[in-house]
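Peer 1: Questions regarding the structure given below will be posed in turn.
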Amino acid sequence: MNEKGVVTTCHEMKRRFVLGEINSSRFGYPTQQAQYMKDLLESGDYGLEYKAIQLHQRRYPHWASLPHNTLWTIVQFRLHKSEFEKIYTNQEESWKRLTDGTYKLIDAANNLDADPTRDPNISEVISACRGGKFNPIGITLHSQKGDDRYRVVEGSARLISLYICCINARLSQICTEEIELILGVSERCWKVFPPRGY
């Protein structure tokens, strides 16, 4: 992945992040509320976008632990096995279980490909991807400067789906050469990311 993408703002990262989550059935937004949030986020009005971000943040305060000096860029991520090998999940117990303790995204993907019952929610996302339904908006990675690994901030299930559909199976209807995502790089590591040398 070329990390020299188009520099963007923390606001734009959060706007895309929230769009990604409200489009996901995993986060429990009723249809009418999800549409209201989407209208705010796609309005092009900073104040309305900010309102939606704040509403979402009250439910899911994900950003509080991210390093404040993070530089956010819009980058192109190559759909290639070597790129996926650099991606790690967070250290929640569910990811420890799904990756057999490695926290590597591809281990979760391979385990779910072999046994979808290990996480029915993610398996639903995989099934949708196999059916040609995929939207990369809001997929966000973070890395510490000097570290060649990436930690998923948002979009683990969709990245797992892409790996299964485009690397393991090569389903042409949704597999392009690259997808656009947001990458954050900071001097300090994100505290939920395994330390260097893990």
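By order of appearance in the structure tokens: chains A, B, ..., then residues from 1 within every chain, and ligands from 1 in the order shown.
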Counting only C-alpha atoms, what is within 8 Å of segment 158-160 of chain A, bar same-chain residues fewer than 4 positions away, as a ChimeraX atom specification?

Peer 2: /A:105-106,108-109,125-126,134,136,139,164

Peer 1: If we count only C-alpha atoms, what is near segment 92-102 of chain A at a cut-off of 8 Å, once residues fewer than 2 positions away on the same chain are taken out, given as a PyMOL selection string?

Peer 2: chain A and resi 89-90+104-105+107-108+111-112+118-119

Peer 1: Based on DSSP run over this structure's backbone, return all residues of segment 27-194 of chain A in helix (DSSP H, G or I), as an MDAnalysis selection string.

Peer 2: chainID A and resid 27 31:41 46:59 62:65 81:84 93:98 105:114 116:118 120:130 156:168

Peer 1: If you count only C-alpha atoms, which residues fall within 7 Å of segment 32-46 of chain A, apart from same-chain ones fewer than 2 positions away, as a PDB file with C-alpha atoms, in the first residue's frame?

Peer 2:
```pdb
ATOM      1  CA  ARG A  15     -17.522  11.087   8.659  1.00  0.00           C
ATOM      2  CA  LEU A  19     -21.087   6.065   7.268  1.00  0.00           C
ATOM      3  CA  ILE A  22     -24.522   2.998   9.990  1.00  0.00           C
ATOM      4  CA  TYR A  29     -29.492   1.489  13.797  1.00  0.00           C
ATOM      5  CA  PRO A  30     -33.232   1.423  12.968  1.00  0.00           C
ATOM      6  CA  LEU A  48     -24.627  18.743   9.966  1.00  0.00           C
ATOM      7  CA  GLU A  49     -21.852  16.190   9.444  1.00  0.00           C
ATOM      8  CA  TYR A  50     -20.431  17.096  12.858  1.00  0.00           C
ATOM      9  CA  ALA A  52     -24.114  13.092  13.072  1.00  0.00           C
TER      10      ALA A  52
END
```

Peer 1: Using Å and a single decimal, report how far atom CA of Tyr103 of chain A sits from atom CA of Glu178 of chain A.

Peer 2: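 Atom CA of Tyr103 of chain A lies at a distance of 23.5 Å from atom CA of Glu178 of chain A.
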
Peer 1: For the atom pair atom CA of Gly155 of chain A and atom CA of Phe17 of chain A, what is the interatomic distance in Å to one decimal place?

Peer 2: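 One can read the atom CA of Gly155 of chain A to atom CA of Phe17 of chain A distance as 8.7 Å.
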